[in-house]
file target-v8.txt (compact mmCIF, C-alpha atoms)
# COMPACT_ATOMS: atom_id res chain seq x y z
CA MET G 5 16.32 -23.67 16.50
CA SER G 6 13.13 -22.72 18.33
CA LYS G 7 9.65 -23.92 17.55
CA PRO G 8 7.02 -21.55 16.09
CA GLY G 9 5.75 -19.46 18.97
CA GLU G 10 9.00 -19.75 20.92
CA ASP G 11 12.06 -17.51 21.20
CA LEU G 12 15.64 -17.83 22.31
CA ASP G 13 16.12 -15.86 25.50
CA GLY G 14 19.81 -15.06 25.10
CA GLY G 15 20.96 -18.03 27.19
CA GLY G 16 20.19 -20.52 24.45
CA ARG G 17 17.01 -21.70 26.17
CA SER G 18 13.82 -22.09 24.20
CA ARG G 19 10.51 -20.93 25.66
CA PRO G 20 7.49 -18.83 24.65
CA LEU G 21 7.82 -15.07 24.55
CA ARG G 22 5.99 -13.49 27.51
CA VAL G 23 4.25 -10.16 26.82
CA LEU G 24 2.69 -7.75 29.32
CA TRP G 25 0.16 -5.65 27.38
CA VAL G 26 -0.78 -2.32 29.04
CA THR G 27 -3.83 -0.49 27.75
CA ARG G 28 -6.97 1.38 28.68
CA ILE G 29 -8.74 0.55 25.40
CA PHE G 30 -9.88 -3.03 25.75
CA PRO G 31 -13.25 -4.79 26.05
CA ASN G 32 -14.57 -5.81 29.46
CA ARG G 33 -17.71 -7.30 30.99
CA VAL G 34 -19.53 -3.95 30.93
CA GLU G 35 -18.34 -2.90 27.45
CA PRO G 36 -17.84 -6.22 25.63
CA LEU G 37 -18.02 -4.67 22.14
CA ALA G 38 -15.33 -2.03 22.73
CA CYS G 39 -12.07 -2.06 20.77
CA ALA G 40 -12.76 -5.16 18.71
CA PHE G 41 -9.44 -4.79 16.87
CA GLN G 42 -7.46 -5.03 20.13
CA ARG G 43 -9.39 -8.11 21.17
CA GLN G 44 -8.87 -9.85 17.84
CA GLN G 45 -5.17 -9.10 17.59
CA LEU G 46 -4.51 -10.21 21.16
CA ALA G 47 -6.45 -13.43 20.69
CA ALA G 48 -4.34 -14.17 17.60
CA LEU G 49 -1.10 -13.13 19.34
CA SER G 50 -1.84 -15.45 22.27
CA ARG G 51 -1.47 -18.38 19.87
CA TRP G 52 2.14 -17.35 19.29
CA CYS G 53 3.22 -16.40 22.80
CA GLU G 54 2.04 -15.87 26.37
CA VAL G 55 0.13 -12.62 26.85
CA GLU G 56 -1.38 -10.96 29.90
CA VAL G 57 -3.31 -7.69 29.70
CA LEU G 58 -3.41 -4.87 32.22
CA ALA G 59 -6.57 -3.09 31.09
CA THR G 60 -7.06 -0.15 33.42
CA ILE G 61 -10.44 1.06 34.65
CA PRO G 62 -10.90 4.77 35.53
CA TYR G 63 -11.57 5.32 39.22
CA HIS G 64 -12.21 8.05 41.75
CA PRO G 65 -13.63 7.89 45.30
CA GLY G 66 -17.37 7.27 45.39
CA VAL G 67 -17.49 6.18 41.75
CA SER G 68 -19.61 3.12 42.57
CA LEU G 69 -22.32 5.43 43.94
CA LEU G 70 -22.78 6.98 40.51
CA GLY G 71 -24.35 3.79 39.16
CA ALA G 72 -25.19 3.83 35.47
CA ARG G 73 -25.28 7.62 35.24
CA THR G 74 -21.63 7.88 34.18
CA ARG G 75 -19.18 5.61 32.40
CA PRO G 76 -16.86 5.31 35.45
CA GLY G 77 -19.92 4.40 37.51
CA ARG G 78 -20.87 1.64 35.11
CA LEU G 79 -17.28 0.37 34.93
CA ALA G 80 -17.19 -0.09 38.72
CA ALA G 81 -18.88 -3.45 38.07
CA VAL G 82 -15.91 -4.76 36.03
CA PRO G 83 -14.17 -7.60 37.94
CA GLU G 84 -10.55 -7.18 38.97
CA ARG G 85 -9.54 -10.28 37.02
CA ASP G 86 -11.06 -11.88 33.96
CA GLU G 87 -10.31 -13.97 30.90
CA ILE G 88 -11.26 -12.77 27.41
CA ASP G 89 -10.83 -15.08 24.42
CA GLY G 90 -8.46 -17.18 26.49
CA VAL G 91 -6.25 -14.20 27.41
CA PRO G 92 -5.90 -13.39 31.15
CA VAL G 93 -6.90 -9.80 31.87
CA VAL G 94 -6.28 -7.76 35.02
CA HIS G 95 -8.33 -4.58 35.48
CA PRO G 96 -6.34 -2.24 37.76
CA ARG G 97 -8.22 0.78 39.06
CA ALA G 98 -6.37 3.89 37.85
CA PRO G 99 -7.24 7.23 39.47
CA TYR G 100 -8.22 9.87 36.95
CA LEU G 101 -9.13 13.53 36.88
CA PRO G 102 -12.69 13.93 35.52
CA GLY G 103 -12.95 16.49 32.75
CA ALA G 104 -9.18 16.99 32.39
CA GLY G 105 -8.51 18.81 29.13
CA ARG G 106 -5.31 19.58 27.26
CA VAL G 107 -3.82 21.73 30.02
CA LEU G 108 -4.32 19.16 32.80
CA ALA G 109 -3.69 16.11 30.59
CA PRO G 110 -0.14 15.53 31.99
CA VAL G 111 -1.71 14.70 35.37
CA ASN G 112 -3.29 11.57 33.94
CA ALA G 113 0.00 9.72 33.30
CA PRO G 114 1.16 9.63 36.96
CA LEU G 115 -2.39 8.85 38.08
CA TYR G 116 -2.51 5.99 35.57
CA LEU G 117 0.86 4.75 36.82
CA ALA G 118 -0.40 4.87 40.41
CA GLY G 119 -2.97 2.23 39.45
CA LEU G 120 -0.25 -0.05 38.02
CA LEU G 121 2.55 0.17 40.59
CA PRO G 122 0.78 -1.88 43.32
CA LEU G 123 0.92 -4.85 40.90
CA VAL G 124 4.73 -4.75 40.57
CA PRO G 125 5.47 -7.53 43.13
CA GLN G 126 3.24 -10.01 41.31
CA LEU G 127 4.58 -8.99 37.88
CA ARG G 128 8.32 -9.36 38.58
CA GLY G 129 10.10 -12.15 36.75
CA ARG G 130 7.06 -13.18 34.70
CA PHE G 131 7.52 -11.25 31.44
CA ASP G 132 10.07 -10.49 28.73
CA VAL G 133 8.68 -7.26 27.30
CA VAL G 134 6.05 -4.61 28.12
CA LEU G 135 3.84 -3.17 25.38
CA GLY G 136 2.04 0.16 25.83
CA ALA G 137 -0.85 -0.06 23.40
CA TRP G 138 -1.89 3.63 23.17
CA LEU G 139 0.48 6.60 23.09
CA TYR G 140 -0.93 8.56 26.00
CA PRO G 141 -1.18 7.87 28.85
CA ASP G 142 -0.75 4.11 28.30
CA ALA G 143 2.71 4.11 26.70
CA CYS G 144 4.08 6.75 29.07
CA ALA G 145 2.96 4.77 32.13
CA ALA G 146 4.12 1.49 30.54
CA ALA G 147 7.59 3.00 30.05
CA VAL G 148 7.95 3.69 33.78
CA LEU G 149 6.47 0.31 34.69
CA ALA G 150 8.98 -1.41 32.38
CA ARG G 151 11.88 0.43 34.04
CA VAL G 152 10.66 -0.67 37.47
CA LEU G 153 10.42 -4.25 36.21
CA ARG G 154 13.81 -3.91 34.43
CA LEU G 155 12.32 -4.91 31.09
CA PRO G 156 12.46 -3.49 27.57
CA TYR G 157 9.24 -1.98 26.31
CA ALA G 158 7.53 -1.34 23.01
CA VAL G 159 4.94 1.27 22.03
CA LYS G 160 2.01 0.64 19.69
CA ALA G 161 -0.01 3.50 18.18
CA HIS G 162 -3.33 3.40 16.39
CA GLY G 163 -4.71 6.73 15.19
CA THR G 164 -6.21 9.42 17.40
CA ASP G 165 -3.42 8.93 19.91
CA VAL G 166 -0.89 9.99 17.23
CA ASN G 167 -2.92 12.45 15.18
CA VAL G 168 -4.63 14.32 18.00
CA VAL G 169 -3.59 13.64 21.61
CA ALA G 170 0.18 13.37 21.05
CA ARG G 171 0.16 16.79 19.37
CA TRP G 172 -1.10 18.60 22.45
CA ARG G 173 1.69 20.83 23.76
CA SER G 174 1.14 19.60 27.30
CA VAL G 175 1.52 15.94 26.30
CA ARG G 176 4.04 15.94 23.44
CA PRO G 177 7.22 16.04 25.62
CA LEU G 178 5.98 13.04 27.63
CA VAL G 179 5.16 11.09 24.48
CA GLY G 180 8.51 12.01 22.94
CA GLY G 181 10.38 10.71 25.98
CA ALA G 182 8.51 7.42 25.93
CA LEU G 183 9.18 6.96 22.22
CA ARG G 184 12.90 7.78 22.42
CA SER G 185 13.55 5.12 25.07
CA ALA G 186 11.34 2.39 23.59
CA ALA G 187 12.94 -0.70 22.09
CA CYS G 188 10.54 -0.21 19.18
CA ALA G 189 7.56 1.90 18.16
CA ILE G 190 4.85 0.19 16.11
CA GLY G 191 2.51 1.93 13.66
CA VAL G 192 -0.34 0.41 11.67
CA SER G 193 0.25 2.49 8.52
CA ARG G 194 3.16 4.22 6.78
CA PRO G 195 1.88 7.73 7.62
CA MET G 196 1.72 6.65 11.27
CA VAL G 197 5.28 5.31 11.10
CA GLU G 198 6.39 8.72 9.84
CA ALA G 199 4.38 10.48 12.55
CA LEU G 200 5.99 8.36 15.28
CA ALA G 201 9.44 9.27 14.00
CA ALA G 202 8.45 12.95 13.94
CA LEU G 203 7.27 12.68 17.55
CA GLY G 204 10.65 11.40 18.72
CA ALA G 205 10.97 7.68 18.00
CA PRO G 206 14.39 6.80 16.50
CA ARG G 207 13.64 6.02 12.87
CA GLU G 208 15.55 2.73 12.94
CA ARG G 209 13.27 1.51 15.73
CA VAL G 210 9.94 2.40 14.08
CA VAL G 211 8.17 -0.63 12.59
CA LEU G 212 5.10 -1.09 10.42
CA VAL G 213 2.71 -3.86 11.53
CA ARG G 214 -0.59 -3.70 9.73
CA ASN G 215 -3.85 -4.67 11.40
CA GLY G 216 -5.72 -7.65 10.03
CA VAL G 217 -9.29 -8.84 9.61
CA ASP G 218 -11.20 -11.97 10.50
CA ARG G 219 -11.40 -13.60 7.07
CA ALA G 220 -13.98 -16.10 8.29
CA LEU G 221 -16.42 -13.25 9.01
CA PHE G 222 -15.54 -10.60 6.45
CA ARG G 223 -15.83 -11.94 2.94
CA PRO G 224 -18.05 -11.33 -0.10
CA GLY G 225 -21.62 -12.33 0.66
CA ASP G 226 -25.16 -12.31 -0.70
CA ARG G 227 -26.47 -8.75 -0.28
CA LEU G 228 -30.18 -9.58 -0.43
CA ALA G 229 -29.89 -12.50 1.98
CA ALA G 230 -28.05 -10.30 4.50
CA ARG G 231 -30.71 -7.59 4.22
CA ARG G 232 -33.47 -10.07 4.87
CA GLU G 233 -31.59 -11.51 7.82
CA LEU G 234 -31.15 -8.04 9.38
CA GLY G 235 -34.60 -6.72 8.51
CA LEU G 236 -33.17 -3.97 6.29
CA PRO G 237 -34.96 -2.54 3.25
CA GLU G 238 -34.66 -4.93 0.32
CA ARG G 239 -35.29 -2.29 -2.31
CA GLY G 240 -32.87 0.52 -3.08
CA ARG G 241 -29.27 1.19 -2.13
CA ILE G 242 -27.76 1.16 1.34
CA VAL G 243 -24.90 3.31 2.62
CA THR G 244 -23.45 2.13 5.95
CA PHE G 245 -21.41 3.90 8.62
CA VAL G 246 -19.68 1.80 11.31
CA GLY G 247 -17.87 3.40 14.23
CA ASN G 248 -18.16 5.66 17.25
CA VAL G 249 -21.01 8.08 16.63
CA VAL G 250 -19.07 11.22 17.53
CA ARG G 251 -18.44 14.55 15.78
CA PRO G 252 -14.82 13.78 14.79
CA LYS G 253 -16.07 10.78 12.82
CA GLY G 254 -17.80 13.26 10.50
CA ILE G 255 -21.36 12.45 11.55
CA GLY G 256 -22.52 16.03 10.89
CA GLU G 257 -21.04 16.04 7.39
CA LEU G 258 -22.50 12.60 6.70
CA LEU G 259 -26.04 13.65 7.64
CA GLU G 260 -25.71 16.81 5.55
CA ALA G 261 -24.35 14.92 2.54
CA PHE G 262 -27.02 12.25 2.81
CA GLU G 263 -29.85 14.76 2.91
CA ALA G 264 -29.95 15.14 -0.91
CA LEU G 265 -29.23 11.51 -1.77
CA GLY G 266 -32.05 9.47 -3.20
CA ALA G 267 -34.57 12.30 -3.09
CA PRO G 268 -37.21 12.21 -5.85
CA GLY G 269 -35.60 13.57 -9.00
CA GLY G 270 -32.10 13.06 -7.61
CA GLU G 271 -29.12 11.61 -9.49
CA VAL G 272 -29.32 8.17 -7.85
CA ALA G 273 -32.18 6.00 -9.06
CA GLY G 274 -34.41 4.54 -6.37
CA PRO G 275 -34.29 5.09 -2.62
CA VAL G 276 -30.98 5.36 -0.79
CA HIS G 277 -30.92 4.32 2.86
CA LEU G 278 -28.35 5.20 5.53
CA VAL G 279 -27.52 2.67 8.26
CA VAL G 280 -25.50 3.90 11.25
CA VAL G 281 -23.89 1.12 13.30
CA GLY G 282 -22.41 2.33 16.59
CA GLU G 283 -23.02 4.34 19.74
CA GLY G 284 -21.97 7.78 20.88
CA PRO G 285 -23.15 11.27 21.78
CA GLU G 286 -24.15 12.07 18.18
CA ARG G 287 -26.61 9.19 17.99
CA ARG G 288 -29.36 11.57 19.06
CA ALA G 289 -28.62 13.76 16.03
CA VAL G 290 -28.85 10.66 13.82
CA GLU G 291 -32.17 9.66 15.39
CA GLN G 292 -33.55 13.18 14.94
CA ALA G 293 -32.54 13.10 11.26
CA ALA G 294 -34.19 9.68 10.97
CA ALA G 295 -37.42 11.02 12.50
CA ARG G 296 -37.43 13.98 10.07
CA ARG G 297 -36.86 11.63 7.16
CA ASP G 298 -39.77 9.41 8.28
CA ARG G 299 -42.06 12.45 8.50
CA GLU G 300 -41.02 13.46 4.99
CA ARG G 301 -41.71 9.95 3.73
CA ALA G 302 -45.18 10.05 5.28
CA ARG G 303 -45.87 13.48 3.77
CA ASP G 304 -44.74 12.33 0.30
CA ARG G 305 -46.94 9.28 0.61
CA GLU G 306 -49.96 11.42 1.45
CA ARG G 307 -49.29 13.69 -1.51
CA GLY G 308 -48.44 11.16 -4.17
CA GLY G 309 -49.21 7.68 -2.95
CA ARG G 310 -47.09 4.90 -1.50
CA ASP G 311 -44.55 4.73 -4.32
CA LEU G 312 -43.53 8.36 -4.02
CA GLY G 313 -43.10 8.06 -0.25
CA GLU G 314 -40.96 4.95 -0.63
CA GLU G 315 -38.59 6.79 -2.97
CA ARG G 316 -37.27 8.77 -0.01
CA GLY G 317 -34.77 6.51 1.73
CA ARG G 318 -34.66 5.84 5.44
CA ILE G 319 -32.05 6.55 8.12
CA LEU G 320 -31.58 3.69 10.57
CA ALA G 321 -29.58 3.95 13.82
CA VAL G 322 -29.00 0.37 14.96
CA GLY G 323 -26.52 0.94 17.81
CA SER G 324 -23.42 -1.11 18.57
CA ARG G 325 -23.37 -4.64 17.25
CA PRO G 326 -21.15 -7.71 17.78
CA LEU G 327 -18.49 -8.22 15.15
CA SER G 328 -20.43 -11.07 13.57
CA GLU G 329 -23.37 -8.72 12.98
CA VAL G 330 -21.11 -5.95 11.68
CA ALA G 331 -20.00 -8.45 9.05
CA ARG G 332 -23.62 -9.01 8.05
CA TYR G 333 -24.27 -5.25 7.83
CA LEU G 334 -21.29 -4.92 5.49
CA ALA G 335 -22.60 -7.84 3.42
CA ALA G 336 -25.97 -6.06 3.20
CA THR G 337 -24.60 -2.69 2.16
CA ASP G 338 -23.67 -1.16 -1.18
CA LEU G 339 -20.81 0.84 0.31
CA LEU G 340 -19.14 1.85 3.55
CA VAL G 341 -18.83 5.56 4.39
CA LEU G 342 -16.32 6.90 6.93
CA PRO G 343 -15.93 10.72 6.83
CA SER G 344 -13.57 11.02 9.83
CA TRP G 345 -11.55 14.15 10.55
CA ALA G 346 -8.53 12.05 11.61
CA GLU G 347 -7.76 8.32 11.57
CA GLY G 348 -5.06 5.71 11.74
CA THR G 349 -6.02 2.78 9.52
CA PRO G 350 -9.59 2.03 10.62
CA ASN G 351 -10.29 -1.67 10.81
CA VAL G 352 -13.78 -1.24 9.45
CA VAL G 353 -12.24 -0.02 6.17
CA LEU G 354 -10.14 -3.19 5.97
CA GLU G 355 -13.23 -5.26 6.80
CA ALA G 356 -15.26 -3.56 4.04
CA LEU G 357 -12.53 -4.28 1.51
CA ALA G 358 -12.40 -7.91 2.63
CA ALA G 359 -16.18 -8.03 2.10
CA ALA G 360 -15.71 -6.56 -1.42
CA ARG G 361 -17.61 -3.37 -0.61
CA PRO G 362 -16.36 0.01 -1.89
CA VAL G 363 -15.37 2.67 0.64
CA VAL G 364 -16.13 6.39 0.57
CA ALA G 365 -13.84 7.96 3.15
CA THR G 366 -11.75 10.99 3.94
CA ARG G 367 -8.16 11.28 2.77
CA VAL G 368 -6.64 11.08 6.27
CA GLY G 369 -4.17 8.85 8.15
CA GLY G 370 -3.54 5.47 6.58
CA ILE G 371 -6.80 5.34 4.59
CA PRO G 372 -5.14 6.39 1.27
CA GLU G 373 -2.76 3.44 1.69
CA VAL G 374 -5.56 0.89 1.59
CA VAL G 375 -8.30 2.54 -0.52
CA GLU G 376 -7.38 3.06 -4.16
CA PRO G 377 -9.57 5.77 -5.74
CA GLY G 378 -11.56 4.43 -8.66
CA ARG G 379 -10.75 0.80 -7.88
CA THR G 380 -11.87 0.19 -4.29
CA GLY G 381 -13.43 3.49 -3.30
CA VAL G 382 -13.54 7.28 -3.41
CA LEU G 383 -11.56 9.64 -1.16
CA VAL G 384 -12.57 13.17 -0.17
CA PRO G 385 -11.16 15.96 2.02
CA PRO G 386 -12.30 15.92 5.65
CA ARG G 387 -15.07 18.26 6.86
CA ASP G 388 -16.42 18.79 3.33
CA ALA G 389 -20.07 17.71 3.17
CA ALA G 390 -20.47 18.79 -0.47
CA ALA G 391 -17.49 16.70 -1.62
CA LEU G 392 -18.78 13.78 0.45
CA GLY G 393 -22.19 14.02 -1.22
CA ARG G 394 -20.61 14.01 -4.68
CA ALA G 395 -18.46 11.00 -3.74
CA LEU G 396 -21.46 9.04 -2.49
CA ARG G 397 -23.32 9.73 -5.74
CA GLU G 398 -20.31 8.66 -7.78
CA ALA G 399 -19.80 5.47 -5.79
CA LEU G 400 -23.46 4.50 -5.96
CA ALA G 401 -23.70 5.18 -9.70
CA ARG G 402 -20.81 2.98 -10.80
CA THR G 403 -20.19 -0.77 -11.02
CA TRP G 404 -17.25 -2.05 -8.98
CA ASP G 405 -14.95 -4.90 -9.99
CA GLU G 406 -14.70 -7.57 -7.29
CA ARG G 407 -11.26 -8.58 -8.56
CA ALA G 408 -9.91 -5.23 -7.37
CA PHE G 409 -11.06 -6.00 -3.85
CA ALA G 410 -9.46 -9.44 -3.93
CA GLU G 411 -6.15 -7.81 -4.89
CA ALA G 412 -6.53 -5.22 -2.08
CA ALA G 413 -7.43 -7.80 0.57
CA PRO G 414 -5.85 -6.98 3.96
CA PRO G 415 -3.88 -9.56 5.97
CA SER G 416 -5.60 -11.93 8.35
CA TRP G 417 -5.28 -11.43 12.10
CA GLU G 418 -3.04 -14.49 12.20
CA GLU G 419 -0.62 -12.86 9.75
CA SER G 420 -0.76 -9.56 11.65
CA ALA G 421 -0.17 -11.31 14.99
CA GLU G 422 2.84 -13.20 13.63
CA ALA G 423 4.39 -9.94 12.44
CA LEU G 424 3.75 -8.32 15.83
CA TRP G 425 5.21 -11.33 17.65
CA ARG G 426 8.44 -11.11 15.65
CA VAL G 427 8.78 -7.40 16.46
CA LEU G 428 8.17 -7.99 20.17
CA ALA G 429 10.66 -10.87 20.22
CA ARG G 430 13.34 -8.56 18.80
CA ALA G 431 12.42 -5.93 21.39
CA ALA G 432 12.71 -8.51 24.17
CA PHE G 433 15.82 -10.40 23.14
CA GLY G 434 17.57 -8.29 20.52
CA GLY G 435 19.46 -10.32 17.95
CA SER G 436 18.77 -13.59 19.78
CA GLY G 437 15.01 -13.06 19.70
CA ARG G 438 14.37 -15.02 16.54
CA ALA G 439 11.82 -17.61 15.52
CA ALA G 440 12.19 -20.73 13.47
CA ALA G 441 11.02 -20.13 9.93

call {"tool": "encode", "arguments": {"input": "target-v8.txt", "output": "structure tokens"}}
result
Amino acid sequence: MSKPGEDLDGGGRSRPLRVLWVTRIFPNRVEPLACAFQRQQLAALSRWCEVEVLATIPYHPGVSLLGARTRPGRLAAVPERDEIDGVPVVHPRAPYLPGAGRVLAPVNAPLYLAGLLPLVPQLRGRFDVVLGAWLYPDACAAAVLARVLRLPYAVKAHGTDVNVVARWRSVRPLVGGALRSAACAIGVSRPMVEALAALGAPRERVVLVRNGVDRALFRPGDRLAARRELGLPERGRIVTFVGNVVRPKGIGELLEAFEALGAPGGEVAGPVHLVVVGEGPERRAVEQAAARRDRERARDRERGGRDLGEERGRILAVGSRPLSEVARYLAATDLLVLPSWAEGTPNVVLEALAAARPVVATRVGGIPEVVEPGRTGVLVPPRDAAALGRALREALARTWDERAFAEAAPPSWEESAEALWRVLARAAFGGSGRAAA
């Protein structure tokens, strides 16, 4: 019988499972805060088995001359090899077609693969299974790489890759082929498991492995102390958004819904503030809304004195923050809002629940699996600013029972990593890939 963290390799020998993780969504020296969920799961998985990451960097000739003006220019500074949270990371340069849309999207898979193939000689004989950690182009390129290495491969999906990209007509046949030949396809929610089967994965090979949270960081905390620590308003209510500040995250609907909240004479007593944690192209729109709100506060103050001006809540755009600070922002808030158009199971929702904070979110992806209306949050249709506004008022007006959040607590990253390890061991070794209980 093997030790925890070890697997039988079919010849009766006991040794750690060896996983080659292929992805383009992973933190690096230039973008250390990117994809925190990948980083956390991999760090936890590395305690169960040996993991190496191929985290590709987009490249085209002359990219280093672009400097900080473009993302590929900034990423030129990423080293070829690194170590992140104890996990060895290789950053292959993968050629890409700038501005490729749906029609030209199929070009990106062979270009991606071209960045991986030169590594084949140094990869041979070192791994048991390949994992493509995003449906396209990662999983499609990982499938070919696995065949070259004569290894089984698994596919892991997260959200946008299933709900948006994989549905493009130009991409869907490629994704379907990768899913049909995979030893297993892993989804983070039941709706995603169903979507993977609909895209072509044999149903008996589709597995649910839920994401986890860092329980040491995300737990119920003192709201006032967190506000003081972060320099946030101590008076009033705070609504917090955490994520990429892009249109598909519902930023436009959020700003529209927030406009009427906390205004003098409104349904919510006292000021209501909005805190936006994250970066993206819509941050400018958030900052413009914040500037308008500040002008309105100043005007109200001039007309009716300080108290009237303070009744109009503020909008604060604080940018991207390390995970430890995100935990403090959730401790400081009254609720998390996430009005996305499409999602998998967003980790920030799990983190809010672990912190005993209600969630107002759209009824998309795996969110309805983890947010129970009336007990841990309120769900609304996507792209509906009026419904979002009503939900925010409802959530702010009621008292929430912390026991409900304790019952809805998500798994830890250690539990999630163990479940993923067991799935990958079966993919690598079949029936002999078992662990000691």

call {"tool": "closest_residue", "arguments": {"input": "target-v8.txt", "among": "G:Arg75, G:Arg219, G:Arg207, G:Arg33", "to": "Ala358 in chain G", "atoms": "all atoms listed in the file"}}
result
G:Arg219

call {"tool": "residues_around", "arguments": {"input": "target-v8.txt", "residues": "Trp25 in chain G", "least_positions_apart": "3", "cutoff": "12 Å", "atoms": "only C-alpha atoms", "output": "JSON, numbers by chain"}}
result
{"G": [22, 28, 29, 30, 42, 43, 45, 46, 49, 50, 54, 55, 56, 57, 58, 59, 60, 91, 92, 93, 94, 95, 127, 131, 132, 133, 134, 135, 136, 137, 138, 142, 143, 145, 146, 147, 149, 150, 157, 158, 159, 160, 428]}

call {"tool": "closest_residue", "arguments": {"input": "target-v8.txt", "among": "G:Cys144, G:Val211, G:Val375, G:Val280", "to": "Leu183 in chain G", "atoms": "all atoms listed in the file"}}
result
G:Cys144

call {"tool": "closest_residue", "arguments": {"input": "target-v8.txt", "among": "G:Gly247, G:Gly216, G:Gly317, G:Pro252", "to": "Glu283 in chain G", "atoms": "only C-alpha atoms"}}
result
G:Gly247

call {"tool": "atom_distance", "arguments": {"input": "target-v8.txt", "atom1": "CA of Thr164 in chain G", "atom2": "CA of Asp89 in chain G"}}
result
25.9 Å

call {"tool": "atom_distance", "arguments": {"input": "target-v8.txt", "atom1": "CA of Glu373 in chain G", "atom2": "CA of Pro414 in chain G"}}
result
11.1 Å

call {"tool": "closest_residue", "arguments": {"input": "target-v8.txt", "among": "G:Leu24, G:Leu278, G:Val246, G:Leu121", "to": "Leu155 in chain G", "atoms": "all atoms listed in the file"}}
result
G:Leu24

call {"tool": "closest_residue", "arguments": {"input": "target-v8.txt", "among": "G:Ala81, G:Leu327, G:Leu396, G:Pro76", "to": "Leu101 in chain G", "atoms": "only C-alpha atoms"}}
result
G:Pro76

call {"tool": "atom_distance", "arguments": {"input": "target-v8.txt", "atom1": "CA of Ser324 in chain G", "atom2": "CA of Ile242 in chain G"}}
result
17.9 Å
